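Okay, start38.pdb now, which holds PDB, C-alpha atoms:
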ATOM      1  CA  MET A  85      19.023  21.942  -7.357
ATOM      2  CA  LYS A  86      21.214  18.912  -7.978
ATOM      3  CA  THR A  87      20.575  17.278 -11.352
ATOM      4  CA  LEU A  88      19.753  13.608 -10.954
ATOM      5  CA  PRO A  89      20.769  10.871 -13.429
ATOM      6  CA  ASP A  90      18.508  10.142 -16.380
ATOM      7  CA  LYS A  91      16.541   7.105 -15.206
ATOM      8  CA  LYS A  92      13.038   5.699 -15.229
ATOM      9  CA  LEU A  93      10.161   8.069 -14.450
ATOM     10  CA  ALA A  94       6.560   6.912 -14.731
ATOM     11  CA  PHE A  95       3.323   8.614 -13.712
ATOM     12  CA  ALA A  96      -0.167   7.442 -12.784
ATOM     13  CA  TRP A  97      -3.226   9.518 -11.943
ATOM     14  CA  LEU A  98      -5.094   8.129  -8.936
ATOM     15  CA  GLY A  99      -8.220  10.210  -9.394
ATOM     16  CA  VAL A 100      -9.034  13.612  -7.843
ATOM     17  CA  ALA A 101      -5.610  15.219  -7.070
ATOM     18  CA  GLY A 102      -3.850  11.909  -6.475
ATOM     19  CA  ILE A 103      -0.532  11.272  -8.227
ATOM     20  CA  LYS A 104       1.843   8.327  -8.201
ATOM     21  CA  LEU A 105       5.407   8.739  -9.456
ATOM     22  CA  CYS A 106       7.535   5.657  -9.994
ATOM     23  CA  ILE A 107      11.184   6.675 -10.019
ATOM     24  CA  ASN A 108      13.352   3.606 -10.593
ATOM     25  CA  SER A 109      12.310   1.262  -7.770
ATOM     26  CA  HIS A 110      10.853   4.042  -5.607
ATOM     27  CA  THR A 111       7.270   5.307  -5.304
ATOM     28  CA  LEU A 112       6.417   8.923  -4.467
ATOM     29  CA  LEU A 113       2.746   9.729  -3.862
ATOM     30  CA  ILE A 114       1.045  13.117  -3.822
ATOM     31  CA  ASP A 115      -2.435  13.500  -2.272
ATOM     32  CA  PRO A 116      -3.539   9.869  -2.755
ATOM     33  CA  PHE A 117      -7.330   9.647  -2.217
ATOM     34  CA  LEU A 118      -9.259   6.614  -3.435
ATOM     35  CA  THR A 119     -11.968   5.948  -0.839
ATOM     36  CA  ARG A 120     -14.402   8.605  -2.142
ATOM     37  CA  PRO A 121     -17.056   8.851   0.598
ATOM     38  CA  PRO A 122     -20.534   9.671  -0.771
ATOM     39  CA  LEU A 123     -21.810  13.238  -0.861
ATOM     40  CA  HIS A 124     -23.896  12.974   2.329
ATOM     41  CA  ASN A 125     -20.694  12.279   4.299
ATOM     42  CA  VAL A 126     -19.560  15.851   3.672
ATOM     43  CA  LEU A 127     -22.006  16.881   6.398
ATOM     44  CA  TRP A 128     -22.744  13.634   8.248
ATOM     45  CA  GLY A 129     -20.990  10.498   9.339
ATOM     46  CA  ARG A 130     -17.427   9.428  10.068
ATOM     47  CA  PRO A 131     -16.261   7.470   6.997
ATOM     48  CA  THR A 132     -13.123   5.347   7.051
ATOM     49  CA  SER A 133     -10.617   4.390   4.376
ATOM     50  CA  ASN A 134     -11.250   1.488   2.018
ATOM     51  CA  THR A 135      -8.265  -0.574   3.125
ATOM     52  CA  ALA A 136      -8.718  -3.348   0.545
ATOM     53  CA  LEU A 137      -8.867  -0.879  -2.343
ATOM     54  CA  LEU A 138      -5.797   0.995  -1.126
ATOM     55  CA  ALA A 139      -3.813  -2.218  -0.743
ATOM     56  CA  GLU A 140      -4.763  -3.263  -4.279
ATOM     57  CA  LYS A 141      -4.016   0.029  -6.008
ATOM     58  CA  ILE A 142      -1.118   1.295  -3.881
ATOM     59  CA  PRO A 143       0.916  -1.722  -2.752
ATOM     60  CA  GLN A 144       4.014   0.312  -1.900
ATOM     61  CA  ALA A 145       5.157   3.870  -1.219
ATOM     62  CA  ASP A 146       8.350   5.510   0.028
ATOM     63  CA  HIS A 147       7.171   9.084   0.611
ATOM     64  CA  ILE A 148       3.845  10.928   0.503
ATOM     65  CA  LEU A 149       3.662  14.660  -0.219
ATOM     66  CA  VAL A 150       0.476  16.416   0.915
ATOM     67  CA  THR A 151      -0.496  19.730  -0.695
ATOM     68  CA  HIS A 152      -3.021  20.519   2.067
ATOM     69  CA  ALA A 153      -5.045  18.848   4.780
ATOM     70  CA  HIS A 154      -8.560  18.663   3.279
ATOM     71  CA  TYR A 155     -10.042  15.161   3.402
ATOM     72  CA  ASP A 156      -9.938  14.647  -0.386
ATOM     73  CA  HIS A 157      -6.151  14.986  -0.202
ATOM     74  CA  LEU A 158      -5.395  13.489   3.203
ATOM     75  CA  MET A 159      -8.043  10.983   4.307
ATOM     76  CA  ASP A 160      -6.320   7.873   2.874
ATOM     77  CA  VAL A 161      -2.768   8.923   3.725
ATOM     78  CA  PRO A 162      -2.668   7.402   7.256
ATOM     79  CA  GLU A 163      -3.740   3.955   6.049
ATOM     80  CA  ILE A 164      -1.177   4.024   3.216
ATOM     81  CA  ALA A 165       1.613   5.236   5.510
ATOM     82  CA  LEU A 166       0.878   2.657   8.208
ATOM     83  CA  ARG A 167       0.790  -0.225   5.722
ATOM     84  CA  THR A 168       3.774   0.754   3.551
ATOM     85  CA  GLY A 169       5.979   2.561   6.057
ATOM     86  CA  ALA A 170       6.021   5.677   3.878
ATOM     87  CA  ILE A 171       7.210   9.023   5.263
ATOM     88  CA  VAL A 172       4.507  11.742   5.145
ATOM     89  CA  LEU A 173       5.528  15.342   4.423
ATOM     90  CA  GLY A 174       2.984  18.121   4.902
ATOM     91  CA  SER A 175       1.866  21.145   6.884
ATOM     92  CA  PHE A 176       1.523  21.357  10.660
ATOM     93  CA  ASN A 177      -2.186  20.491  10.439
ATOM     94  CA  THR A 178      -1.236  17.462   8.340
ATOM     95  CA  TYR A 179       1.336  16.479  10.969
ATOM     96  CA  GLN A 180      -1.223  16.770  13.771
ATOM     97  CA  LEU A 181      -3.939  14.869  11.894
ATOM     98  CA  MET A 182      -1.541  12.049  11.075
ATOM     99  CA  GLN A 183      -0.685  11.667  14.769
ATOM    100  CA  ILE A 184      -4.378  11.680  15.731
ATOM    101  CA  LEU A 185      -4.982   8.962  13.120
ATOM    102  CA  GLY A 186      -2.216   6.753  14.463
ATOM    103  CA  VAL A 187       0.842   7.454  12.302
ATOM    104  CA  PRO A 188       4.056   7.468  14.395
ATOM    105  CA  VAL A 189       5.935  10.774  14.541
ATOM    106  CA  THR A 190       9.007   8.974  13.177
ATOM    107  CA  ARG A 191       7.191   8.797   9.815
ATOM    108  CA  LEU A 192       6.128  12.457   9.761
ATOM    109  CA  ARG A 193       7.861  15.614   8.549
ATOM    110  CA  VAL A 194       6.537  19.174   8.794
ATOM    111  CA  ILE A 195       7.374  21.224   5.700
ATOM    112  CA  HIS A 196       7.156  24.913   4.872
ATOM    113  CA  ALA A 197       7.086  27.016   1.702
ATOM    114  CA  GLY A 198      10.658  27.560   0.569
ATOM    115  CA  ASP A 199      11.946  24.207   1.839
ATOM    116  CA  GLU A 200      14.153  22.152  -0.466
ATOM    117  CA  ILE A 201      13.899  18.460   0.307
ATOM    118  CA  SER A 202      16.458  15.885  -0.788
ATOM    119  CA  LEU A 203      14.977  12.426  -1.188
ATOM    120  CA  PRO A 204      17.201   9.496  -2.206
ATOM    121  CA  TYR A 205      15.646   9.592  -5.685
ATOM    122  CA  ALA A 206      14.324  13.165  -6.154
ATOM    123  CA  GLN A 207      14.728  16.812  -5.212
ATOM    124  CA  VAL A 208      11.562  18.608  -4.083
ATOM    125  CA  LYS A 209      11.075  22.342  -3.714
ATOM    126  CA  VAL A 210       8.070  23.326  -1.591
ATOM    127  CA  MET A 211       6.186  26.380  -2.880
ATOM    128  CA  ALA A 212       3.344  28.392  -1.382
ATOM    129  CA  GLY A 213      -0.061  27.662  -2.901
ATOM    130  CA  ARG A 214      -3.423  29.373  -2.606
ATOM    131  CA  HIS A 215      -6.598  27.334  -2.237
ATOM    132  CA  PRO A 216      -9.924  28.498  -3.735
ATOM    133  CA  PHE A 217     -12.564  29.661  -1.270
ATOM    134  CA  ILE A 218     -14.948  26.902  -0.190
ATOM    135  CA  PRO A 219     -17.530  27.653   2.548
ATOM    136  CA  ALA A 220     -16.978  25.585   5.715
ATOM    137  CA  TYR A 221     -13.546  24.507   4.401
ATOM    138  CA  THR A 222     -11.620  27.707   5.079
ATOM    139  CA  PRO A 223      -8.107  27.608   6.602
ATOM    140  CA  GLY A 224      -7.605  27.526  10.345
ATOM    141  CA  ARG A 225      -6.515  25.502  13.345
ATOM    142  CA  LEU A 226      -7.813  22.043  14.041
ATOM    143  CA  LYS A 227     -10.546  21.555  16.601
ATOM    144  CA  ARG A 228      -9.443  20.330  19.988
ATOM    145  CA  ASN A 229      -9.919  16.767  21.176
ATOM    146  CA  LEU A 230     -10.535  15.247  17.750
ATOM    147  CA  CYS A 231     -11.504  11.590  17.931
ATOM    148  CA  PRO A 232     -11.112   9.178  14.980
ATOM    149  CA  PRO A 233     -12.718   8.284  12.734
ATOM    150  CA  LEU A 234     -13.013  11.942  11.796
ATOM    151  CA  ARG A 235     -15.818  13.877  10.194
ATOM    152  CA  LEU A 236     -14.766  15.118   6.756
ATOM    153  CA  CYS A 237     -15.031  18.769   7.830
ATOM    154  CA  GLU A 238     -12.486  18.067  10.601
ATOM    155  CA  TYR A 239      -9.725  17.647   8.016
ATOM    156  CA  ARG A 240      -8.959  21.349   8.131
ATOM    157  CA  MET A 241      -6.211  22.915   6.084
ATOM    158  CA  ASP A 242      -3.701  25.509   7.196
ATOM    159  CA  ASP A 243      -0.943  25.927   4.587
ATOM    160  CA  CYS A 244      -1.379  24.958   0.957
ATOM    161  CA  PHE A 245       1.630  23.880  -1.103
ATOM    162  CA  SER A 246       2.723  23.323  -4.670
ATOM    163  CA  PHE A 247       5.702  21.084  -5.444
ATOM    164  CA  HIS A 248       8.535  21.352  -7.952
ATOM    165  CA  ILE A 249      10.041  17.889  -8.354
ATOM    166  CA  GLN A 250      13.299  17.065 -10.103
ATOM    167  CA  ALA A 251      13.917  13.389 -10.786
ATOM    168  CA  ALA A 252      15.274  11.116 -13.509
ATOM    169  CA  GLY A 253      16.601  14.073 -15.475
ATOM    170  CA  MET A 254      13.188  15.784 -15.648
ATOM    171  CA  GLN A 255      11.355  18.548 -13.838
ATOM    172  CA  MET A 256       7.698  18.385 -12.827
ATOM    173  CA  LEU A 257       5.577  21.160 -11.328
ATOM    174  CA  VAL A 258       2.519  20.086  -9.322
ATOM    175  CA  TRP A 259       0.658  23.394  -9.178
ATOM    176  CA  SER A 260      -1.909  23.510  -6.372
ATOM    177  CA  SER A 261      -2.879  27.173  -6.418
ATOM    178  CA  VAL A 262      -5.437  29.591  -7.838
ATOM    179  CA  SER A 263      -2.564  32.066  -8.206
ATOM    180  CA  SER A 264      -0.175  31.892 -11.137
ATOM    181  CA  GLN A 265       2.595  33.868  -9.430
ATOM    182  CA  ALA A 266       6.127  32.564  -8.842
ATOM    183  CA  ALA A 267       5.728  29.331 -10.803
ATOM    184  CA  LEU A 268       9.006  27.676 -11.828
ATOM    185  CA  PRO A 269       9.942  26.288 -15.260
ATOM    186  CA  ALA A 270       9.302  22.567 -15.711
ATOM    187  CA  ASP A 271       9.041  19.909 -18.401
ATOM    188  CA  MET A 272       5.663  18.751 -17.067
ATOM    189  CA  LEU A 273       2.898  20.758 -15.447
ATOM    190  CA  LEU A 274       0.068  19.201 -13.448
ATOM    191  CA  LEU A 275      -2.680  21.750 -12.866
ATOM    192  CA  ARG A 276      -6.345  22.459 -12.264
ATOM    193  CA  ALA A 277      -8.730  22.189 -15.215
ATOM    194  CA  VAL A 278     -10.965  25.115 -14.219
ATOM    195  CA  ALA A 279      -9.580  28.629 -14.649
ATOM    196  CA  ASN A 280      -9.913  31.648 -16.908
ATOM    197  CA  PRO A 281      -7.783  32.029 -20.065
ATOM    198  CA  ARG A 282      -5.589  34.722 -18.512
ATOM    199  CA  TRP A 283      -4.609  32.403 -15.654
ATOM    200  CA  TYR A 284      -3.476  29.752 -18.128
ATOM    201  CA  ARG A 285      -1.542  32.312 -20.196
ATOM    202  CA  ASP A 286       0.257  33.702 -17.137
ATOM    203  CA  LEU A 287       1.067  30.289 -15.679
ATOM    204  CA  LEU A 288       2.280  28.673 -18.891
ATOM    205  CA  ALA A 289       4.364  31.720 -19.786
ATOM    206  CA  GLN A 290       6.348  31.105 -16.590
ATOM    207  CA  VAL A 291       6.501  27.317 -16.648
ATOM    208  CA  LYS A 292       6.879  26.746 -20.413
ATOM    209  CA  PRO A 293       5.973  23.060 -20.074
ATOM    210  CA  ARG A 294       6.280  20.476 -22.809
ATOM    211  CA  LEU A 295       3.473  18.406 -21.286
ATOM    212  CA  ALA A 296       0.375  19.493 -19.320
ATOM    213  CA  ILE A 297      -1.769  17.091 -17.278
ATOM    214  CA  PRO A 298      -5.100  18.096 -15.681
ATOM    215  CA  THR A 299      -5.920  16.858 -12.169
ATOM    216  CA  HIS A 300      -8.747  17.241  -9.652
ATOM    217  CA  TRP A 301     -11.362  17.465 -12.429
ATOM    218  CA  ASP A 302     -13.341  14.274 -11.825
ATOM    219  CA  ASP A 303     -16.401  13.689  -9.630
ATOM    220  CA  GLN A 304     -14.888  12.674  -6.288
ATOM    221  CA  PHE A 305     -18.240  11.370  -5.016
ATOM    222  CA  ARG A 306     -18.503   8.821  -7.817
ATOM    223  CA  GLU A 307     -17.312   5.318  -6.919
ATOM    224  CA  LEU A 308     -14.268   3.966  -8.716
ATOM    225  CA  SER A 309     -16.363   1.043  -9.961
ATOM    226  CA  GLU A 310     -18.175   3.566 -12.193
ATOM    227  CA  PRO A 311     -16.661   5.343 -15.227
ATOM    228  CA  VAL A 312     -14.802   8.575 -14.461
ATOM    229  CA  ARG A 313     -16.990  11.642 -14.975
ATOM    230  CA  PRO A 314     -16.080  15.353 -14.820
ATOM    231  CA  PHE A 315     -17.221  17.243 -11.744
ATOM    232  CA  PHE A 316     -19.117  20.535 -11.837
ATOM    233  CA  SER A 317     -17.220  23.736 -12.508
ATOM    234  CA  PRO A 318     -17.939  26.908 -10.479
ATOM    235  CA  PRO A 319     -21.085  28.854 -11.489
ATOM    236  CA  MET A 320     -20.645  30.931 -14.642
ATOM    237  CA  PRO A 321     -22.602  33.754 -16.318
ATOM    238  CA  ALA A 322     -23.899  31.339 -18.963
ATOM    239  CA  PHE A 323     -26.751  28.917 -19.530
ATOM    240  CA  PRO A 324     -26.907  26.646 -17.752
ATOM    241  CA  PRO A 325     -24.922  28.416 -15.010
ATOM    242  CA  ILE A 326     -23.686  25.090 -13.578
ATOM    243  CA  GLN A 327     -21.856  22.876 -16.064
ATOM    244  CA  ARG A 328     -19.455  19.971 -15.844
ATOM    245  CA  ILE A 329     -15.756  20.617 -16.356
ATOM    246  CA  ASN A 330     -14.971  20.666 -20.062
ATOM    247  CA  LEU A 331     -11.636  18.986 -20.761
ATOM    248  CA  GLN A 332     -11.709  20.006 -24.420
ATOM    249  CA  LYS A 333     -11.939  23.637 -23.336
ATOM    250  CA  PHE A 334      -9.013  23.007 -20.981
ATOM    251  CA  THR A 335      -6.984  21.527 -23.838
ATOM    252  CA  ASP A 336      -7.821  24.436 -26.137
ATOM    253  CA  ARG A 337      -6.720  26.969 -23.527
ATOM    254  CA  ILE A 338      -3.432  25.163 -22.972
ATOM    255  CA  HIS A 339      -2.711  25.068 -26.715
ATOM    256  CA  HIS A 340      -3.708  28.723 -27.114
ATOM    257  CA  SER A 341      -1.395  29.724 -24.259
ATOM    258  CA  GLU A 342       1.538  27.475 -25.221
ATOM    259  CA  PRO A 343       1.140  25.943 -28.710
ATOM    260  CA  ALA A 344       4.169  23.674 -28.272
ATOM    261  CA  CYS A 345       2.731  22.071 -25.123
ATOM    262  CA  ARG A 346       1.078  18.660 -25.443
ATOM    263  CA  VAL A 347      -1.903  17.799 -23.228
ATOM    264  CA  LEU A 348      -2.278  14.376 -21.647
ATOM    265  CA  VAL A 349      -5.665  13.527 -20.118
ATOM    266  CA  PRO A 350      -4.687  10.313 -18.317
ATOM    267  CA  GLU A 351      -6.773   7.229 -17.767
ATOM    268  CA  ILE A 352      -7.163   6.545 -14.072
ATOM    269  CA  PHE A 353      -4.484   4.184 -12.648
ATOM    270  CA  GLN A 354      -2.757   3.775 -16.024
ATOM    271  CA  LEU A 355       1.005   4.056 -15.760
ATOM    272  CA  TYR A 356       2.636   6.407 -18.287
ATOM    273  CA  ASP A 357       6.323   6.442 -19.168
ATOM    274  CA  LEU A 358       7.019  10.171 -19.038
ATOM    275  CA  HIS A 359      10.164   9.932 -21.146
ATOM    276  CA  HIS A 360       7.992   8.362 -23.851
ATOM    277  CA  GLU A 361       5.216  10.938 -23.415
ATOM    278  CA  LEU A 362       7.658  13.819 -23.789
ATOM    279  CA  GLY A 363       9.167  12.105 -26.813
ATOM    280  CA  GLN A 364       5.684  11.860 -28.335
ATOM    281  CA  ARG A 365       5.204  15.554 -27.725
ATOM    282  CA  ALA A 366       8.507  16.408 -29.404
ATOM    283  CA  ALA A 367       7.666  14.229 -32.431
ATOM    284  CA  ALA A 368       4.215  15.842 -32.805
ATOM    285  CA  HIS A 369       5.737  19.329 -32.582
ATOM    286  CA  ASN A 370       8.363  18.570 -35.237
TER     287      ASN A 370
END

Translate the structure of the given file into structure tokens.
Amino acid sequence: MKTLPDKKLAFAWLGVAGIKLCINSHTLLIDPFLTRPPLHNVLWGRPTSNTALLAEKIPQADHILVTHAHYDHLMDVPEIALRTGAIVLGSFNTYQLMQILGVPVTRLRVIHAGDEISLPYAQVKVMAGRHPFIPAYTPGRLKRNLCPPLRLCEYRMDDCFSFHIQAAGMQMLVWSSVSSQAALPADMLLLRAVANPRWYRDLLAQVKPRLAIPTHWDDQFRELSEPVRPFFSPPMPAFPPIQRINLQKFTDRIHHSEPACRVLVPEIFQLYDLHHELGQRAAAHN
């Protein structure tokens, strides 16, 4: 990939899997999802995006990368794209859903694993991901004759992607996969906070990041007006069998797997200068 000049690179976590990257004067979003419909909407109702909240928190965007087409990654993308004029890049299901929800085809791009995308301010490599099994949210084709507003279960995924992003002299890996295979080296690694120790060891051995950031660990049914709270981890052979995600355990596993890697648990919507964060990591290591 072409090495880009060393310029400004800032990061903000938008909650759930949402990421905002500010690269000079440009904004790249990944899976922005702020509306957070309540739990009963998973089975009932046709919720719509909170347009006022999105306008407040995401005033501009140039491109939006979508890892997969589930509602907690895609639901707010049409509203953001229509308001900002951003280009949306995602799977074929993503492309179809965006059209159904009113986004013009001129603002849509279908991507595939193995693609290398040149943006004016970043280079993006698209990598195959593997989504965990969730009943009723398995991969497949979209239903015919979908009519907006959609039910949450109608946001059906097909492909799942991870993204390797090179910008402002740095490399970032957004790892959206339960597999650790074929990960690329990067300065920063954004990853799930629920996995076994072997998965972390295998993944970090390949990536060798200097900074690790957990995503998709918070309760996505909790309104943003309330404090962020960890969601429940998958059932475990322990007591109690259902526990909330433990970020200290995540941090310990990262440090055990890669002692030189610093962990950043970001505050929601806070903008972090990644050059500064990596400098902090280097100073702590020395």

- Just so the selection is clear, what residues does the PyMOL selection byres ((chain A and resi 178-185) around 8) cover here, as a list in words? Val150, His152, Ala153, Leu158, Pro162, Leu173, Gly174, Ser175, Phe176, Asn177, Gly186, Val187, Pro188, Val189, Leu192, Arg193, Val194, Leu230, Cys231, Pro232, Pro233, Tyr239 and Met241 of chain A

Original post:
Neighbours of Glu140 of chain A within 12 Å (all atoms listed in the file; same-chain residues fewer than 6 positions away dropped), as number ranges by chain?
Top reply: A: 118, 134, 164, 167, 353

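We find atom CA of Asn280 of chain A and atom CA of Arg337 of chain A to be spaced 8.7 Å apart.
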
Next on the checklist: With distances taken over all atoms listed in the file, which residue among A:Arg225, A:Glu361, A:Thr299, A:Ile218 lies nearest Pro116 of chain A?
Outcome noted: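 Distance minimum relative to Pro116 of chain A lands on A:Thr299.
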
Using all atoms listed in the file, the shortest atom-to-atom distance to Val126 of chain A among A:Ala101, A:Ala139, A:Leu234, A:Val210 belongs to A:Leu234

### Task
Write out as JSON, numbers by chain the residues lying within 10 Å of segment 254-271 of chain A, counting all atoms listed in the file and excluding same-chain residues fewer than 4 positions away.
{"A": [87, 88, 89, 90, 91, 93, 101, 103, 114, 151, 152, 206, 207, 208, 209, 211, 212, 213, 214, 215, 216, 217, 244, 245, 246, 247, 248, 249, 250, 275, 276, 278, 279, 282, 283, 284, 285, 286, 287, 288, 289, 290, 291, 292, 293, 294, 295, 296, 297, 299, 300, 345, 358, 359, 362]}

Neighbours of point (-21.6, 15.0, 5.2) within 12 Å, using all atoms listed in the file, written as a ChimeraX atom specification
/A:121-131,155,220,234-238,305

message: For the PyMOL selection byres ((chain A and resi 108) around 8), applied here, can you spell out every residue it catches as a VMD selection string?
response: chain A and resid 91 to 93 106 to 107 109 to 110

As a check of understanding: the span from atom CA of Val172 of chain A to atom CA of Thr222 of chain A is 22.7 Å

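Interatomic distance, atom CA of Glu307 of chain A to atom CA of Leu113 of chain A: 20.8 Å.
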
Could you tell me which of A:Leu105, A:Ile195, A:Leu112, A:Ile329 comes closest to Thr168 of chain A if we count all atoms listed in the file?
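Nearest to Thr168 of chain A: A:Leu112.
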
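Taking only C-alpha atoms into account, Arg120 of chain A lies nearest to A:Val100 out of the set A:Ala165, A:Leu331, A:Ala197, A:Val100.
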
Using all atoms listed in the file, the best pick from A:Arg191, A:Arg313, A:His340, A:Lys104 as closest to Ala170 of chain A would be A:Arg191

Counting only C-alpha atoms, the residue among A:Leu149, A:Ala94, A:Leu274, A:Leu348 that lies closest to Ile201 of chain A is A:Leu149

Since the input is missing atoms, can you rebuild N, CA, C and O atoms for segment 99-114 of chain A and write them as an mmCIF file, in the frame of the given file?
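Writing the result to result_39.cif gives the following:
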data_model
loop_
_atom_site.group_PDB
_atom_site.id
_atom_site.type_symbol
_atom_site.label_atom_id
_atom_site.label_comp_id
_atom_site.auth_asym_id
_atom_site.auth_seq_id
_atom_site.Cartn_x
_atom_site.Cartn_y
_atom_site.Cartn_z
ATOM 1 N N GLY A 99 -6.923 9.585 -9.579
ATOM 2 C CA GLY A 99 -8.220 10.210 -9.394
ATOM 3 C C GLY A 99 -8.112 11.396 -8.457
ATOM 4 O O GLY A 99 -7.200 11.498 -7.627
ATOM 5 N N VAL A 100 -9.036 12.364 -8.599
ATOM 6 C CA VAL A 100 -9.034 13.612 -7.843
ATOM 7 C C VAL A 100 -7.652 14.263 -8.008
ATOM 8 O O VAL A 100 -7.188 14.424 -9.132
ATOM 9 N N ALA A 101 -6.938 14.604 -6.930
ATOM 10 C CA ALA A 101 -5.610 15.219 -7.070
ATOM 11 C C ALA A 101 -4.490 14.207 -6.876
ATOM 12 O O ALA A 101 -3.316 14.587 -6.810
ATOM 13 N N GLY A 102 -4.834 12.927 -6.793
ATOM 14 C CA GLY A 102 -3.850 11.909 -6.475
ATOM 15 C C GLY A 102 -2.876 11.616 -7.608
ATOM 16 O O GLY A 102 -3.271 11.457 -8.763
ATOM 17 N N ILE A 103 -1.606 11.516 -7.259
ATOM 18 C CA ILE A 103 -0.532 11.272 -8.227
ATOM 19 C C ILE A 103 0.396 10.204 -7.671
ATOM 20 O O ILE A 103 0.731 10.216 -6.482
ATOM 21 N N LYS A 104 0.799 9.291 -8.540
ATOM 22 C CA LYS A 104 1.843 8.327 -8.201
ATOM 23 C C LYS A 104 2.994 8.503 -9.172
ATOM 24 O O LYS A 104 2.795 8.470 -10.389
ATOM 25 N N LEU A 105 4.194 8.671 -8.646
ATOM 26 C CA LEU A 105 5.407 8.739 -9.456
ATOM 27 C C LEU A 105 6.280 7.541 -9.128
ATOM 28 O O LEU A 105 6.602 7.299 -7.962
ATOM 29 N N CYS A 106 6.629 6.785 -10.150
ATOM 30 C CA CYS A 106 7.535 5.657 -9.994
ATOM 31 C C CYS A 106 8.890 6.077 -10.543
ATOM 32 O O CYS A 106 9.032 6.317 -11.755
ATOM 33 N N ILE A 107 9.847 6.198 -9.659
ATOM 34 C CA ILE A 107 11.184 6.675 -10.019
ATOM 35 C C ILE A 107 12.154 5.550 -9.712
ATOM 36 O O ILE A 107 12.470 5.286 -8.550
ATOM 37 N N ASN A 108 12.587 4.843 -10.759
ATOM 38 C CA ASN A 108 13.352 3.606 -10.593
ATOM 39 C C ASN A 108 12.523 2.637 -9.747
ATOM 40 O O ASN A 108 11.401 2.333 -10.079
ATOM 41 N N SER A 109 13.044 2.211 -8.614
ATOM 42 C CA SER A 109 12.310 1.262 -7.770
ATOM 43 C C SER A 109 11.541 1.949 -6.648
ATOM 44 O O SER A 109 10.986 1.278 -5.779
ATOM 45 N N HIS A 110 11.491 3.279 -6.679
ATOM 46 C CA HIS A 110 10.853 4.042 -5.607
ATOM 47 C C HIS A 110 9.477 4.542 -6.041
ATOM 48 O O HIS A 110 9.205 4.737 -7.233
ATOM 49 N N THR A 111 8.607 4.777 -5.044
ATOM 50 C CA THR A 111 7.270 5.307 -5.304
ATOM 51 C C THR A 111 7.042 6.548 -4.450
ATOM 52 O O THR A 111 7.131 6.490 -3.220
ATOM 53 N N LEU A 112 6.756 7.660 -5.120
ATOM 54 C CA LEU A 112 6.417 8.923 -4.467
ATOM 55 C C LEU A 112 4.954 9.223 -4.760
ATOM 56 O O LEU A 112 4.550 9.262 -5.923
ATOM 57 N N LEU A 113 4.162 9.411 -3.715
ATOM 58 C CA LEU A 113 2.746 9.729 -3.862
ATOM 59 C C LEU A 113 2.498 11.186 -3.496
ATOM 60 O O LEU A 113 3.170 11.747 -2.628
ATOM 61 N N ILE A 114 1.503 11.776 -4.164
ATOM 62 C CA ILE A 114 1.045 13.117 -3.822
ATOM 63 C C ILE A 114 -0.475 13.058 -3.690
ATOM 64 O O ILE A 114 -1.172 12.654 -4.634
#
